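This is entry-v2.cif (mmCIF, C-alpha atoms).
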data_model
#
loop_
_atom_site.label_atom_id
_atom_site.label_comp_id
_atom_site.auth_asym_id
_atom_site.auth_seq_id
_atom_site.Cartn_x
_atom_site.Cartn_y
_atom_site.Cartn_z
CA MET A 29 51.43 22.66 -24.84
CA ALA A 30 52.90 23.11 -28.30
CA THR A 31 50.67 23.78 -31.29
CA PRO A 32 51.90 22.45 -34.66
CA THR A 33 52.87 25.37 -36.88
CA GLU A 34 53.52 23.31 -40.01
CA GLN A 35 51.77 20.41 -41.64
CA PRO A 36 53.08 17.30 -39.84
CA GLN A 37 54.83 14.52 -41.65
CA PRO A 38 53.72 10.91 -41.23
CA PRO A 39 55.49 9.30 -38.26
CA ALA A 40 58.02 6.55 -38.70
CA GLY A 41 56.57 3.07 -38.59
CA GLU A 42 53.30 4.03 -40.22
CA GLU A 43 50.89 1.17 -40.82
CA GLU A 44 50.32 -0.28 -44.25
CA THR A 45 46.86 -0.02 -45.81
CA PHE A 46 45.17 -2.21 -48.40
CA PHE A 47 47.12 -0.46 -51.13
CA GLY A 48 50.50 1.19 -51.35
CA GLY A 49 53.52 1.29 -49.10
CA ALA A 50 56.35 3.52 -48.04
CA PRO A 51 57.91 5.65 -50.81
CA ALA A 52 60.65 3.82 -52.68
CA ARG A 53 64.22 5.03 -52.20
CA VAL A 54 67.26 4.25 -54.30
CA THR A 55 69.94 2.37 -52.37
CA ILE A 56 73.38 3.92 -51.91
CA ASP A 57 75.45 0.81 -51.34
CA VAL A 58 78.95 0.54 -52.74
CA GLY A 59 78.79 -0.93 -56.21
CA LEU A 60 75.76 -1.33 -58.46
CA ASN A 61 72.42 0.06 -57.23
CA ARG A 62 69.10 -0.45 -58.96
CA PHE A 63 65.91 1.59 -58.69
CA VAL A 64 62.57 0.51 -60.17
CA TRP A 65 59.98 3.27 -60.51
CA ASP A 66 56.36 2.22 -60.21
CA LEU A 67 55.27 5.05 -62.55
CA ARG A 68 53.30 6.73 -59.78
CA TYR A 69 53.32 10.05 -57.99
CA ALA A 70 54.02 10.15 -54.24
CA ASP A 71 51.46 8.47 -51.98
CA ALA A 72 49.01 10.33 -49.78
CA THR A 73 50.07 10.76 -46.15
CA ARG A 74 49.03 7.94 -43.84
CA PHE A 75 49.09 7.58 -40.06
CA PRO A 76 49.74 4.69 -37.64
CA GLY A 77 46.90 2.22 -37.28
CA MET A 78 44.88 3.56 -40.19
CA ILE A 79 42.38 1.03 -41.55
CA LEU A 80 40.46 1.67 -44.76
CA TRP A 81 37.81 -0.37 -46.53
CA ALA A 82 38.56 -0.59 -50.27
CA GLY A 83 40.33 2.75 -50.05
CA GLU A 84 43.47 3.67 -51.97
CA THR A 85 46.26 5.96 -50.76
CA ARG A 86 48.78 5.15 -53.50
CA GLY A 87 49.90 8.04 -55.61
CA PRO A 88 48.21 8.35 -59.02
CA ARG A 89 49.72 6.77 -62.09
CA ILE A 90 51.57 9.14 -64.35
CA ALA A 91 50.06 10.00 -67.72
CA PRO A 92 51.76 8.68 -70.87
CA GLY A 93 54.34 11.11 -72.18
CA ASN A 94 58.02 12.08 -72.17
CA TYR A 95 59.94 12.11 -68.89
CA GLN A 96 63.48 12.60 -67.68
CA VAL A 97 65.46 10.91 -64.93
CA LYS A 98 68.48 12.55 -63.32
CA LEU A 99 70.94 11.53 -60.64
CA THR A 100 71.31 13.60 -57.44
CA VAL A 101 74.48 13.38 -55.34
CA ASP A 102 74.91 15.08 -51.94
CA GLY A 103 71.76 17.13 -52.42
CA LYS A 104 72.86 18.50 -55.78
CA SER A 105 71.44 17.48 -59.12
CA ASN A 106 73.72 16.37 -61.90
CA TYR A 107 73.14 19.73 -63.57
CA GLN A 108 75.11 21.29 -60.72
CA VAL A 109 77.78 18.66 -60.12
CA LYS A 110 78.06 17.67 -63.80
CA LEU A 111 78.54 14.03 -62.87
CA THR A 112 79.54 12.01 -65.93
CA VAL A 113 80.15 8.38 -66.72
CA ASP A 114 82.22 7.62 -69.82
CA GLY A 115 81.87 11.27 -70.77
CA LYS A 116 78.05 11.17 -70.60
CA THR A 117 76.05 13.35 -68.19
CA MET A 118 73.82 11.23 -65.89
CA THR A 119 70.53 12.40 -67.36
CA GLU A 120 68.27 10.20 -69.44
CA SER A 121 65.02 10.89 -71.26
CA PHE A 122 62.41 8.22 -71.82
CA GLU A 123 58.85 7.85 -73.00
CA VAL A 124 55.96 6.18 -71.21
CA LYS A 125 53.65 4.89 -73.92
CA PRO A 126 49.91 4.28 -73.59
CA ASP A 127 48.34 0.90 -74.17
CA PRO A 128 47.99 0.78 -77.98
CA ARG A 129 44.77 -1.19 -77.66
CA LEU A 130 43.00 1.74 -76.01
CA THR A 131 41.47 4.84 -77.55
CA THR A 132 42.15 7.02 -74.49
CA THR A 133 43.47 10.42 -75.58
CA ALA A 134 46.15 12.59 -73.98
CA ALA A 135 43.39 14.94 -72.82
CA ASP A 136 41.56 12.02 -71.18
CA TYR A 137 44.69 10.96 -69.29
CA ALA A 138 45.29 14.57 -68.22
CA LYS A 139 41.76 14.85 -66.78
CA GLN A 140 42.17 11.59 -64.90
CA LEU A 141 45.51 12.64 -63.45
CA ASP A 142 44.24 16.08 -62.45
CA LEU A 143 41.35 14.68 -60.41
CA ALA A 144 43.47 11.87 -58.96
CA LEU A 145 46.05 14.39 -57.72
CA LYS A 146 43.30 16.53 -56.17
CA ILE A 147 42.01 13.48 -54.31
CA ARG A 148 45.54 12.55 -53.20
CA ASP A 149 46.23 16.07 -51.92
CA LYS A 150 42.90 16.30 -50.08
CA LEU A 151 43.59 12.92 -48.45
CA THR A 152 47.00 14.17 -47.34
CA GLU A 153 45.43 17.32 -45.91
CA THR A 154 42.85 15.22 -44.07
CA HIS A 155 45.38 12.78 -42.65
CA ASN A 156 47.74 15.58 -41.60
CA ALA A 157 44.82 17.08 -39.69
CA ILE A 158 44.23 13.76 -37.90
CA ILE A 159 47.92 13.56 -37.02
CA SER A 160 47.75 17.10 -35.58
CA ILE A 161 44.60 16.29 -33.62
CA ARG A 162 46.15 13.21 -32.05
CA ASP A 163 49.34 15.07 -31.23
CA VAL A 164 47.48 17.85 -29.39
CA LYS A 165 45.15 15.42 -27.62
CA LYS A 166 48.10 13.43 -26.32
CA GLN A 167 49.81 16.57 -25.04
CA VAL A 168 46.64 17.53 -23.18
CA GLU A 169 46.19 14.04 -21.72
CA ASP A 170 49.82 13.88 -20.60
CA LEU A 171 49.61 17.29 -18.94
CA VAL A 172 46.38 16.44 -17.11
CA LYS A 173 47.92 13.21 -15.80
CA ARG A 174 51.08 14.99 -14.73
CA VAL A 175 49.31 17.67 -12.67
CA ALA A 176 46.79 15.32 -11.06
CA GLY A 177 46.71 15.96 -7.31
CA GLN A 178 48.29 19.39 -7.66
CA PRO A 179 46.54 22.68 -6.74
CA ASN A 180 44.29 23.96 -9.54
CA ALA A 181 44.39 20.53 -11.20
CA LYS A 182 40.61 20.23 -11.59
CA PRO A 183 40.06 23.37 -13.73
CA ILE A 184 42.87 22.22 -16.00
CA ALA A 185 41.44 18.70 -16.22
CA ASP A 186 37.98 20.07 -17.04
CA ALA A 187 39.35 22.44 -19.68
CA GLY A 188 41.50 19.68 -21.16
CA SER A 189 38.50 17.36 -21.37
CA ALA A 190 36.44 20.04 -23.13
CA LEU A 191 39.26 20.76 -25.58
CA ASN A 192 39.82 17.11 -26.43
CA LYS A 193 36.09 16.60 -26.90
CA LYS A 194 36.05 19.25 -29.63
CA LEU A 195 39.10 17.70 -31.28
CA THR A 196 37.58 14.22 -31.10
CA GLU A 197 34.39 15.41 -32.81
CA VAL A 198 36.42 16.52 -35.82
CA GLU A 199 38.60 13.40 -35.77
CA GLU A 200 35.59 11.08 -35.74
CA ALA A 201 34.01 12.94 -38.65
CA LEU A 202 37.18 12.50 -40.69
CA TYR A 203 38.09 8.92 -39.71
CA GLN A 204 36.34 5.89 -38.20
CA THR A 205 38.26 5.69 -34.92
CA LYS A 206 36.53 2.45 -33.87
CA ASN A 207 38.39 0.47 -36.52
CA GLN A 208 40.88 -1.91 -34.90
CA SER A 209 41.06 -4.66 -37.53
CA SER A 210 40.59 -4.92 -41.29
CA GLN A 211 37.05 -6.30 -40.86
CA ASP A 212 35.81 -3.59 -38.49
CA PRO A 213 34.48 -1.37 -41.32
CA LEU A 214 31.79 -4.03 -41.76
CA ASN A 215 30.45 -3.02 -38.34
CA PHE A 216 31.27 0.69 -38.21
CA PRO A 217 30.35 3.16 -41.00
CA ILE A 218 33.26 4.53 -43.00
CA ARG A 219 34.02 8.23 -42.62
CA LEU A 220 35.04 11.02 -44.97
CA ASN A 221 38.64 9.97 -45.54
CA ASN A 222 37.63 6.41 -46.45
CA LYS A 223 34.97 7.64 -48.86
CA LEU A 224 37.53 9.87 -50.57
CA ALA A 225 40.11 7.05 -50.67
CA ALA A 226 37.51 4.78 -52.28
CA LEU A 227 36.86 7.44 -54.92
CA ALA A 228 40.60 7.49 -55.65
CA GLY A 229 40.38 3.84 -56.66
CA VAL A 230 37.37 4.45 -58.89
CA VAL A 231 39.14 7.26 -60.73
CA SER A 232 42.59 5.67 -60.99
CA ARG A 233 41.65 2.16 -62.06
CA SER A 234 39.86 3.28 -65.19
CA GLU A 235 41.41 3.93 -68.59
CA THR A 236 38.85 6.65 -69.29
CA PRO A 237 38.44 10.24 -68.10
CA PRO A 238 36.52 10.73 -64.83
CA THR A 239 32.75 10.65 -65.05
CA ASP A 240 30.53 13.56 -64.06
CA GLN A 241 29.52 11.51 -61.02
CA SER A 242 33.15 11.22 -59.88
CA TYR A 243 33.58 14.98 -60.06
CA ALA A 244 30.32 15.49 -58.15
CA VAL A 245 31.32 13.03 -55.41
CA TYR A 246 34.72 14.68 -55.04
CA ASP A 247 33.17 18.15 -54.74
CA GLU A 248 30.72 16.92 -52.10
CA LEU A 249 33.34 15.09 -50.03
CA ALA A 250 35.90 17.89 -50.32
CA ALA A 251 33.30 20.41 -49.10
CA GLN A 252 32.45 18.25 -46.09
CA ILE A 253 36.13 17.75 -45.26
CA ASP A 254 36.83 21.48 -45.61
CA ALA A 255 34.00 22.21 -43.18
CA GLN A 256 35.61 19.92 -40.59
CA LEU A 257 39.05 21.40 -41.21
CA GLN A 258 37.59 24.86 -40.68
CA LYS A 259 36.22 23.72 -37.31
CA LEU A 260 39.64 22.31 -36.45
CA GLY A 261 41.35 25.54 -37.44
CA GLN A 262 39.08 27.49 -35.12
CA VAL A 263 39.83 25.15 -32.22
CA MET A 264 43.57 25.43 -32.83
CA LYS A 265 43.30 29.21 -33.10
CA THR A 266 41.16 29.90 -30.03
CA ASP A 267 40.70 26.89 -27.73
CA VAL A 268 44.31 25.71 -27.67
CA PRO A 269 45.74 29.16 -26.80
CA ALA A 270 43.03 29.57 -24.13
CA PHE A 271 44.03 26.24 -22.59
CA ASN A 272 47.70 27.22 -22.66
CA GLN A 273 46.86 30.51 -20.94
CA LEU A 274 44.93 28.65 -18.24
CA VAL A 275 47.96 26.45 -17.57
CA ARG A 276 50.26 29.48 -17.39
CA ASP A 277 47.92 31.30 -15.01
CA ALA A 278 47.82 28.23 -12.77
CA ASN A 279 51.62 28.41 -12.52
CA ILE A 280 51.99 24.70 -13.19
CA PRO A 281 55.61 23.66 -12.52
CA ALA A 282 57.60 22.29 -15.41
CA VAL A 283 58.69 19.33 -13.26
CA VAL A 284 56.43 17.69 -10.69
CA VAL A 285 58.16 15.56 -8.03
CA LYS A 286 55.74 13.03 -6.62
CA PRO A 287 56.00 11.99 -2.93
CA GLN A 288 58.08 8.90 -2.29
#
Will you turn the file into structure tokens for me?
Amino acid sequence: MATPTEQPQPPAGEEETFFGGAPARVTIDVGLNRFVWDLRYADATRFPGMILWAGETRGPRIAPGNYQVKLTVDGKSNYQVKLTVDGKTMTESFEVKPDPRLTTTAADYAKQLDLALKIRDKLTETHNAIISIRDVKKQVEDLVKRVAGQPNAKPIADAGSALNKKLTEVEEALYQTKNQSSQDPLNFPIRLNNKLAALAGVVSRSETPPTDQSYAVYDELAAQIDAQLQKLGQVMKTDVPAFNQLVRDANIPAVVVKPQ
């Protein structure tokens, strides 16, 4: 059974949530192509079937200020390929201005963005952990099914069940796995990732710096998530290798031919 060595990326076909969608990509069709930026950072990682209640996984809005857009061709930025149109390098600077009706300062926007990015990154870390958990659990389940009826199958099945139980405990602390429809959170309590995603909305929808309460809630949720991730890390470090060793010692064949 393989153990993920890098943070997994969200699988293709990921489900939409209440907010946000797949990252926008500029088209590369022959002729004129248009790209509209939503003035947001990249979204948090999501996973298939994820259902949140009033939780936001969209990337945070950028702070007002000066920005630059540049064209990239064949993996090289225009600084390297020096692509020009009518003698002009394909680099443009622009300014995103704040709402003139507001009194929000640059420092206020910076504080809001800093906390919003921390929430986004912690959500991504949480969801990557759930993706890893589900990947390992499926490998264990598939192996147990494949060796059913073979010699030494029962010890492997028992060990696989114990391993997946530990993984499920972490998964259920991070995400409400009973959610099957958008209304299910009314019946089943939201878990840590949903609480953090809800905080993202509270922080991002305001035109003021985060409140002391928002910082306190983030610190509390991040600490609880980190505790679960630490448990997961220990399982991946000790229990998964032990299970792999058990399978190797049992000399399980790579291919099992079932009787006709």
Problem - Expansion of the PyMOL selection byres ((chain A and resi 165) around 10) into residues, as JSON, numbers by chain - result: {"A": [29, 159, 160, 161, 162, 163, 164, 166, 167, 168, 169, 170, 171, 188, 189, 191, 192, 193, 195, 196]}
Problem - Given all atoms listed in the file as the counted atoms, nearest of A:Arg174, A:Lys98, A:Lys259, A:Arg86 to Val284 (chain A) - result: A:Arg174
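Minimum atom-to-atom distances from A:Gln178, A:Glu248, A:Gln273, A:Ala255 to Val285 (chain A) were compared using all atoms listed in the file, and the lowest value belongs to A:Gln178.
For the structure shown here, the set of residues caught by the PyMOL selection byres ((chain A and resi 82-85) around 7) is Phe47, Gly48, Asp71, Ala72, Leu80, Trp81, Arg86, Gly87, Asn222, Ala225, Ala226, Ala228 and Gly229 of chain A.
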Practice task
Evaluate the PyMOL selection byres ((chain A and resi 272) around 12) and record the selected residues as a PyMOL selection string, following the chain and residue labels used in the document.
Solution key: chain A and resi 29-31+164+167-168+171+184+187-188+191+264-271+273-280
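Residue nearest Thr152 (chain A) within the list A:Phe75, A:Tyr243, A:Phe216, A:Tyr69: A:Phe75 [criterion: smallest interatomic distance, only C-alpha atoms].
With distances restricted to all atoms listed in the file, A:Pro92 is the closest residue to Pro128 (chain A) from A:Val198, A:Gln256, A:Val97, A:Pro92.
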Practice task
List the residues sitting within 8 Å of (33.2, 10.0, -40.8) in the file's frame, using all atoms listed in the file, as a PyMOL selection string.
Solution key: chain A and resi 200-204+217-221
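Candidate residues A:Pro126, A:Asn215, A:Ala70, A:Ala134 were compared for distance to Arg53 (chain A), and the nearest is A:Ala70, using only C-alpha atoms.
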Exercise for the section: With all atoms listed in the file counted, which protein, DNA or RNA residues have an atom no more than 8 Å from (47.9, 10.3, -71.2) in the file frame? Please answer as JSON, numbers by chain. Expected result: {"A": [90, 91, 92, 93, 126, 132, 133, 134, 135, 136, 137, 138]}
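Each of A:Val263, A:Ala244, A:Leu99, A:Val231 was compared to Glu120 (chain A) using all atoms listed in the file, and A:Leu99 turns out to be the nearest.
Interatomic distance, CA of Gln208 (chain A) to CA of Gly77 (chain A): 7.7 Å.
Relative to CA of Ile79 (chain A), CA of Leu214 (chain A) is found at 11.7 Å.
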Box time for region 122-136 of chain A: axis-aligned, enclosing all its listed atoms, 5 Å extra on each side; report centre and edge lengths in Å to one decimal, as JSON.
{"center_x": 51.9, "center_y": 6.9, "center_z": -74.6, "size_x": 30.9, "size_y": 26.1, "size_z": 16.8}
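Between CA of Leu143 (chain A) and CA of Val124 (chain A) there is a distance of 20.1 Å.
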